[in-house]
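*Asks:* Below is one structure. I have some questions about it.
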Amino acid sequence: MEEIFPFVLQNKIIDTTNSEGRWANITARDTIGKYYRYKDGYIACIVNVNPPFESLILFQTNANGKVENIQPYYHGNYCNCWNGEFGFGKIKDCFYLRICGTGTAFTSSTLYIFRELTKQSEGQGIYEYIWRGSSTEPDGYKIMELSSLELDNNKIHASYVETKGNRGNKASKKQTGHFAINYTLTNEAWIPDDCITLDSHVMNYN
């Protein structure tokens with residue numbers, strides 16, 4: 001916080017005018033960002049705690065340190081899928097950003113994987129995790145999650161497993177199926193090669 005925040009304010013990456021005092025709760029040694037070398041400069045991701053909900057800001061710098069291409073990315077209400085690890089990283093020659101989704105008896109994680117930083121858009125990411133409760137079985141749940149991911153140039157080979165269980169009974173948790181999906185990078189979005197199969201599994205969680 002003490003290292004990056006003066007730079008963030010000076011370059012108008014975040015406006016804290018209407019932050020409702022939320023930044024005061026972050027200490028000088030708290031980690032609020034992560035960066036990598038990118039071309040002749042850097043690419044960085046920082047947390048924005050401004051209301052109504054926590055979001056993320058990605059930006060690049062050029063060789064002279066000038067900030068370029070500031071892009072906001074938004075969680076679905078709350079960041080609850082990072083599990084204590086900053087959700088910005090690298091897979092081979094690509095960057096990824098983990099975006100969390102929340103709702104009534106619902107949580108999810110979507111990976112935005114990119115080589116060139118672009119704005120957040122619908123269909124740009126790939127499903128990493130979906131947890132869904134049951135309206136008919138109050139303690140029942142279903143999970144669809146990545147078991148493996150392989151990045152091969154402009155292709156992603158992903159395998160998923162599905163699990164059912166009961167929150168009050170750990171012994172009830174059991175795998176109920178698995179499937180594989182390939183994604184192809186098309187116009188900066190990862191498009192599943194088999195939409196019908198993927199949608200059929202995702203729709204089962206609605």
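Chains: A, B, ... in order of the structure tokens. Residues: from 1 per chain. Ligands: from 1, in order shown.
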Among chain A, which residues carry a DSSP assignment of helix (DSSP H, G or I), reported as JSON, numbers by chain?
*Replies:* {"A": [5, 6, 7, 8, 9, 10, 22, 23, 24, 25, 195, 196, 197, 198, 199, 200, 201, 202, 203]}
*Asks:* Selected residues, all heavy atoms, written as a short mmCIF file (atom, residue, chain, number, x, y, z; two decimals), in the first residue's frame, please.
*Replies:*
```
data_model
loop_
_atom_site.label_atom_id
_atom_site.label_comp_id
_atom_site.auth_asym_id
_atom_site.auth_seq_id
_atom_site.Cartn_x
_atom_site.Cartn_y
_atom_site.Cartn_z
N PHE A 5 0.32 3.25 -3.58
CA PHE A 5 -0.81 4.18 -3.52
C PHE A 5 -0.46 5.59 -3.97
O PHE A 5 -1.26 6.22 -4.69
CB PHE A 5 -1.41 4.19 -2.11
CG PHE A 5 -2.87 4.50 -2.11
CD1 PHE A 5 -3.76 3.75 -2.87
CD2 PHE A 5 -3.38 5.55 -1.35
CE1 PHE A 5 -5.12 4.04 -2.88
CE2 PHE A 5 -4.73 5.84 -1.35
CZ PHE A 5 -5.61 5.08 -2.11
N PRO A 6 0.69 6.15 -3.60
CA PRO A 6 1.03 7.49 -4.13
C PRO A 6 1.07 7.51 -5.65
O PRO A 6 0.61 8.47 -6.29
CB PRO A 6 2.41 7.76 -3.52
CG PRO A 6 2.43 6.95 -2.27
CD PRO A 6 1.69 5.68 -2.62
N PHE A 7 1.60 6.45 -6.27
CA PHE A 7 1.66 6.35 -7.74
C PHE A 7 0.25 6.27 -8.32
O PHE A 7 -0.06 6.90 -9.33
CB PHE A 7 2.47 5.11 -8.12
CG PHE A 7 2.59 4.87 -9.60
CD1 PHE A 7 3.59 5.50 -10.33
CD2 PHE A 7 1.71 4.03 -10.25
CE1 PHE A 7 3.70 5.29 -11.70
CE2 PHE A 7 1.82 3.79 -11.62
CZ PHE A 7 2.82 4.44 -12.34
N VAL A 8 -0.62 5.50 -7.67
CA VAL A 8 -2.00 5.35 -8.13
C VAL A 8 -2.73 6.68 -8.12
O VAL A 8 -3.44 7.05 -9.07
CB VAL A 8 -2.74 4.31 -7.25
CG1 VAL A 8 -4.23 4.36 -7.46
CG2 VAL A 8 -2.20 2.92 -7.54
N LEU A 9 -2.58 7.44 -7.03
CA LEU A 9 -3.26 8.72 -6.92
C LEU A 9 -2.69 9.75 -7.90
O LEU A 9 -3.42 10.50 -8.54
CB LEU A 9 -3.16 9.24 -5.48
CG LEU A 9 -3.85 8.39 -4.41
CD1 LEU A 9 -3.65 8.99 -3.04
CD2 LEU A 9 -5.34 8.24 -4.72
N GLN A 10 -1.36 9.78 -8.00
CA GLN A 10 -0.71 10.75 -8.89
C GLN A 10 -1.13 10.56 -10.34
O GLN A 10 -1.30 11.53 -11.08
CB GLN A 10 0.81 10.62 -8.76
CG GLN A 10 1.59 11.57 -9.65
CD GLN A 10 3.09 11.38 -9.53
OE1 GLN A 10 3.56 10.63 -8.66
NE2 GLN A 10 3.85 12.03 -10.38
N ARG A 22 -13.08 3.90 3.13
CA ARG A 22 -12.67 2.50 3.09
C ARG A 22 -11.16 2.32 3.00
O ARG A 22 -10.63 1.33 3.49
CB ARG A 22 -13.34 1.79 1.91
CG ARG A 22 -14.85 1.68 2.05
CD ARG A 22 -15.43 0.82 0.97
NE ARG A 22 -16.88 0.75 1.04
CZ ARG A 22 -17.62 -0.05 0.27
NH1 ARG A 22 -17.04 -0.84 -0.62
NH2 ARG A 22 -18.93 -0.05 0.38
N TRP A 23 -10.46 3.24 2.37
CA TRP A 23 -9.00 3.11 2.23
C TRP A 23 -8.29 3.25 3.58
O TRP A 23 -7.18 2.75 3.75
CB TRP A 23 -8.46 4.13 1.24
CG TRP A 23 -8.88 3.84 -0.17
CD1 TRP A 23 -9.88 4.44 -0.88
CD2 TRP A 23 -8.33 2.86 -1.04
NE1 TRP A 23 -9.99 3.89 -2.14
CE2 TRP A 23 -9.05 2.92 -2.26
CE3 TRP A 23 -7.30 1.93 -0.91
CZ2 TRP A 23 -8.76 2.09 -3.34
CZ3 TRP A 23 -7.02 1.10 -1.98
CH2 TRP A 23 -7.74 1.18 -3.18
N ALA A 24 -8.94 3.89 4.54
CA ALA A 24 -8.32 4.07 5.86
C ALA A 24 -8.17 2.75 6.59
O ALA A 24 -7.37 2.64 7.53
CB ALA A 24 -9.16 5.04 6.69
N ASN A 25 -8.91 1.73 6.19
CA ASN A 25 -8.84 0.43 6.85
C ASN A 25 -7.70 -0.44 6.33
O ASN A 25 -7.48 -1.53 6.84
CB ASN A 25 -10.16 -0.33 6.66
CG ASN A 25 -11.34 0.39 7.30
OD1 ASN A 25 -11.19 0.98 8.37
ND2 ASN A 25 -12.50 0.35 6.64
N CYS A 195 -20.33 -25.62 -27.56
CA CYS A 195 -21.18 -24.80 -26.70
C CYS A 195 -22.32 -25.60 -26.09
O CYS A 195 -22.72 -25.37 -24.95
CB CYS A 195 -21.76 -23.62 -27.49
SG CYS A 195 -20.53 -22.42 -28.02
N ILE A 196 -22.87 -26.55 -26.85
CA ILE A 196 -24.02 -27.31 -26.38
C ILE A 196 -23.66 -28.11 -25.13
O ILE A 196 -24.39 -28.10 -24.13
CB ILE A 196 -24.55 -28.24 -27.49
CG1 ILE A 196 -25.09 -27.40 -28.65
CG2 ILE A 196 -25.62 -29.16 -26.94
CD1 ILE A 196 -25.54 -28.22 -29.84
N THR A 197 -22.51 -28.80 -25.17
CA THR A 197 -22.10 -29.59 -24.01
C THR A 197 -21.83 -28.70 -22.80
O THR A 197 -22.29 -28.99 -21.69
CB THR A 197 -20.84 -30.42 -24.35
OG1 THR A 197 -21.16 -31.36 -25.37
CG2 THR A 197 -20.33 -31.16 -23.12
N LEU A 198 -21.09 -27.62 -23.00
CA LEU A 198 -20.78 -26.73 -21.89
C LEU A 198 -22.04 -26.11 -21.32
O LEU A 198 -22.25 -26.10 -20.10
CB LEU A 198 -19.81 -25.63 -22.34
CG LEU A 198 -19.37 -24.66 -21.24
CD1 LEU A 198 -18.62 -25.39 -20.14
CD2 LEU A 198 -18.49 -23.55 -21.83
N ASP A 199 -22.92 -25.58 -22.18
CA ASP A 199 -24.14 -24.94 -21.71
C ASP A 199 -25.04 -25.91 -20.97
O ASP A 199 -25.69 -25.56 -19.99
CB ASP A 199 -24.91 -24.32 -22.88
CG ASP A 199 -24.23 -23.10 -23.46
OD1 ASP A 199 -23.30 -22.58 -22.81
OD2 ASP A 199 -24.61 -22.66 -24.56
N SER A 200 -25.06 -27.17 -21.42
CA SER A 200 -25.93 -28.15 -20.76
C SER A 200 -25.48 -28.39 -19.33
O SER A 200 -26.30 -28.58 -18.43
CB SER A 200 -25.93 -29.46 -21.54
OG SER A 200 -24.66 -30.11 -21.48
N HIS A 201 -24.17 -28.35 -19.10
CA HIS A 201 -23.67 -28.54 -17.73
C HIS A 201 -23.87 -27.28 -16.91
O HIS A 201 -24.26 -27.36 -15.73
CB HIS A 201 -22.19 -28.93 -17.76
CG HIS A 201 -21.94 -30.33 -18.20
ND1 HIS A 201 -21.96 -31.39 -17.35
CD2 HIS A 201 -21.68 -30.84 -19.44
CE1 HIS A 201 -21.71 -32.52 -18.01
NE2 HIS A 201 -21.54 -32.20 -19.29
N VAL A 202 -23.62 -26.12 -17.50
CA VAL A 202 -23.79 -24.86 -16.76
C VAL A 202 -25.25 -24.63 -16.42
O VAL A 202 -25.59 -24.22 -15.31
CB VAL A 202 -23.23 -23.68 -17.59
CG1 VAL A 202 -23.55 -22.36 -16.90
CG2 VAL A 202 -21.72 -23.82 -17.76
N MET A 203 -26.15 -24.89 -17.37
CA MET A 203 -27.57 -24.66 -17.13
C MET A 203 -28.11 -25.55 -16.01
O MET A 203 -29.10 -25.21 -15.37
CB MET A 203 -28.38 -24.89 -18.40
CG MET A 203 -28.12 -23.87 -19.50
SD MET A 203 -28.52 -22.19 -19.00
CE MET A 203 -30.30 -22.28 -18.92
#
```
*Asks:* How would you write, as a VMD selection string, the set of residues in chain A that DSSP gives as strand (DSSP E)?
*Replies:* chain A and resid 33 to 38 41 to 48 55 to 61 67 to 74 88 to 91 94 to 103 106 to 114 126 to 133 140 to 152 155 to 166 169 to 186 189 to 192
*Asks:* Pick out the closest residue to Tyr78 (chain A) from this set: A:Cys100, A:Ser109, A:Asn64, A:Phe95. Count only C-alpha atoms.
*Replies:*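 When distances to Tyr78 (chain A) are compared using only C-alpha atoms, the smallest one comes from A:Cys100.
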*Asks:* Extract, using only C-alpha atoms, all DNA, RNA and protein residues at most 9 Å from Lys119 (chain A), discarding same-chain residues fewer than 6 positions from it, and format them as a list in words.
*Replies:*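 Counting only C-alpha atoms, the residues come to Ile70, Gln71, Pro72 and Tyr73 of chain A.
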*Asks:* Could you give me, as JSON, numbers by chain, the residues within 9 Å of Lys174 (chain A), counting only C-alpha atoms and dropping anything in the same chain fewer than 2 positions from it?
*Replies:* {"A": [162, 163, 164, 165, 171, 172, 176]}
*Asks:* Convert the current residue selection to file output with N, CA and C atoms, as a PDB file, in the first residue's frame.
*Replies:*
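Here's the written file out_32.pdb:
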```
ATOM      1  N   GLU A 162     -17.640 -32.791 -11.918  1.00  0.00           N
ATOM      2  CA  GLU A 162     -18.847 -32.363 -11.224  1.00  0.00           C
ATOM      3  C   GLU A 162     -18.995 -33.174  -9.943  1.00  0.00           C
ATOM      4  N   THR A 163     -19.430 -32.501  -8.889  1.00  0.00           N
ATOM      5  CA  THR A 163     -19.560 -33.116  -7.575  1.00  0.00           C
ATOM      6  C   THR A 163     -20.905 -32.728  -6.967  1.00  0.00           C
ATOM      7  N   LYS A 164     -21.532 -33.674  -6.270  1.00  0.00           N
ATOM      8  CA  LYS A 164     -22.737 -33.387  -5.506  1.00  0.00           C
ATOM      9  C   LYS A 164     -22.475 -33.711  -4.049  1.00  0.00           C
ATOM     10  N   GLY A 165     -23.221 -33.054  -3.167  1.00  0.00           N
ATOM     11  CA  GLY A 165     -23.038 -33.357  -1.762  1.00  0.00           C
ATOM     12  C   GLY A 165     -24.050 -32.647  -0.890  1.00  0.00           C
ATOM     13  N   ALA A 171     -19.356 -36.834   4.163  1.00  0.00           N
ATOM     14  CA  ALA A 171     -19.266 -38.166   3.553  1.00  0.00           C
ATOM     15  C   ALA A 171     -20.148 -38.274   2.315  1.00  0.00           C
ATOM     16  N   SER A 172     -21.114 -37.364   2.157  1.00  0.00           N
ATOM     17  CA  SER A 172     -22.022 -37.435   1.010  1.00  0.00           C
ATOM     18  C   SER A 172     -21.392 -36.868  -0.264  1.00  0.00           C
ATOM     19  N   THR A 176     -19.839 -36.929  -9.659  1.00  0.00           N
ATOM     20  CA  THR A 176     -20.965 -37.467 -10.416  1.00  0.00           C
ATOM     21  C   THR A 176     -20.755 -37.411 -11.920  1.00  0.00           C
TER      22      THR A 176
END
```
*Asks:* Contacts of Gly33 (chain A) at 8 Å or less, counting only C-alpha atoms, minus same-chain residues fewer than 5 places along, as a list of chain:residue names?
*Replies:* A:Ile4, A:Ala44, A:Cys45, A:Ile46, A:Val47, A:Phe86
*Asks:* Residues as selected, all heavy atoms, written as a short mmCIF file (atom, residue, chain, number, x, y, z; two decimals), in the first residue's frame, can you do that?
*Replies:*
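Below is the file again.cif, written as the result:
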```
data_model
loop_
_atom_site.label_atom_id
_atom_site.label_comp_id
_atom_site.auth_asym_id
_atom_site.auth_seq_id
_atom_site.Cartn_x
_atom_site.Cartn_y
_atom_site.Cartn_z
N ILE A 4 2.61 1.61 -3.63
CA ILE A 4 1.87 1.81 -4.86
C ILE A 4 0.85 2.95 -4.78
O ILE A 4 0.54 3.59 -5.79
CB ILE A 4 1.15 0.50 -5.28
CG1 ILE A 4 0.60 0.61 -6.71
CG2 ILE A 4 0.02 0.17 -4.32
CD1 ILE A 4 1.63 0.78 -7.77
N ALA A 44 0.02 -4.17 -14.46
CA ALA A 44 -0.29 -4.28 -13.04
C ALA A 44 -1.78 -4.44 -12.81
O ALA A 44 -2.60 -4.00 -13.60
CB ALA A 44 0.22 -3.04 -12.29
N CYS A 45 -2.10 -5.07 -11.69
CA CYS A 45 -3.48 -5.20 -11.23
C CYS A 45 -3.52 -4.71 -9.79
O CYS A 45 -2.71 -5.13 -8.95
CB CYS A 45 -3.93 -6.66 -11.30
SG CYS A 45 -5.57 -6.96 -10.58
N ILE A 46 -4.46 -3.81 -9.49
CA ILE A 46 -4.61 -3.30 -8.13
C ILE A 46 -6.06 -3.42 -7.70
O ILE A 46 -6.97 -3.39 -8.52
CB ILE A 46 -4.13 -1.84 -7.99
CG1 ILE A 46 -4.89 -0.94 -8.97
CG2 ILE A 46 -2.64 -1.73 -8.21
CD1 ILE A 46 -4.57 0.53 -8.75
N VAL A 47 -6.24 -3.57 -6.39
CA VAL A 47 -7.58 -3.67 -5.82
C VAL A 47 -8.14 -2.27 -5.59
O VAL A 47 -7.44 -1.38 -5.11
CB VAL A 47 -7.53 -4.45 -4.49
CG1 VAL A 47 -8.90 -4.45 -3.81
CG2 VAL A 47 -7.05 -5.88 -4.73
N PHE A 86 -3.46 -13.68 -4.32
CA PHE A 86 -3.85 -12.59 -5.24
C PHE A 86 -4.22 -13.17 -6.60
O PHE A 86 -3.46 -13.95 -7.17
CB PHE A 86 -2.70 -11.59 -5.39
CG PHE A 86 -3.14 -10.23 -5.82
CD1 PHE A 86 -3.51 -9.28 -4.90
CD2 PHE A 86 -3.23 -9.91 -7.17
CE1 PHE A 86 -3.94 -8.02 -5.29
CE2 PHE A 86 -3.66 -8.66 -7.58
CZ PHE A 86 -4.01 -7.71 -6.64
#
```
*Asks:* Go through A:Tyr127, A:Tyr96, A:Tyr36, A:Phe114 and flag the residue nearest Glu188 (chain A), using only C-alpha atoms for the distances.
*Replies:*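 Once distances to Glu188 (chain A) are computed over only C-alpha atoms, the minimum belongs to A:Phe114.
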*Asks:* Under the rule of at most 10 Å, produce a per-residue listing of region 81-123 of chain A near region 136-156 of chain A: chain, number, name, the closest pair of atoms, and the distance in Å, as a Markdown table, using only C-alpha atoms.
*Replies:*
```
| residue | atom | partner | partner_atom | distance |
| --- | --- | --- | --- | --- |
| A:Ile91 | CA | A:Leu151 | CA | 7.5 |
| A:Lys92 | CA | A:Leu151 | CA | 7.6 |
| A:Asp93 | CA | A:Asn153 | CA | 8.9 |
| A:Cys94 | CA | A:Leu151 | CA | 8.9 |
| A:Ala105 | CA | A:Tyr141 | CA | 8.7 |
| A:Phe106 | CA | A:Tyr141 | CA | 9.5 |
| A:Thr107 | CA | A:Ile143 | CA | 9.6 |
| A:Ser108 | CA | A:Glu145 | CA | 9.3 |
| A:Ser109 | CA | A:Glu145 | CA | 9.0 |
| A:Ile113 | CA | A:Leu151 | CA | 9.8 |
```
*Asks:* So that I have them on file, write out the residues from the current selection with C-alpha atoms, as a tab-separated table (two decimals), in the first residue's frame.
*Replies:*
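again15.tsv was written with the following content:
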```tsv
chain	number	residue	atom	x	y	z
A	91	ILE	CA	0.04	-19.01	-17.52
A	92	LYS	CA	2.92	-19.47	-19.96
A	93	ASP	CA	2.99	-16.30	-22.10
A	94	CYS	CA	-0.49	-15.17	-20.98
A	105	ALA	CA	-26.97	-19.94	-3.14
A	106	PHE	CA	-24.39	-19.37	-5.87
A	107	THR	CA	-20.66	-18.68	-6.16
A	108	SER	CA	-18.37	-18.88	-9.18
A	109	SER	CA	-14.90	-18.16	-10.50
A	113	ILE	CA	-6.80	-15.09	-19.86
```
*Asks:* So how far away is CA of Gly41 (chain A) from CA of Asp15 (chain A), in Å?
*Replies:*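 Straight-line distance from CA of Asp15 (chain A) to CA of Gly41 (chain A) works out to 23.4 Å.
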*Asks:* Quick one: pull the distance between CA of Pro51 (chain A) and CA of Glu3 (chain A), Å, one decimal.
*Replies:*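 Between these atoms lies a distance of 22.8 Å.
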*Asks:* Excluding same-chain residues fewer than 4 positions from Ile43 (chain A), what lies within 7 Å of it counting only C-alpha atoms, as a ChimeraX atom specification?
*Replies:* /A:35-38,59-61
*Asks:* Between A:Ser19, A:Thr186, A:Asn50, A:Thr27, which has the minimum distance to Gly123 (chain A) (counting only C-alpha atoms)?
*Replies:*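 Closest to Gly123 (chain A) of all the choices is A:Thr186.
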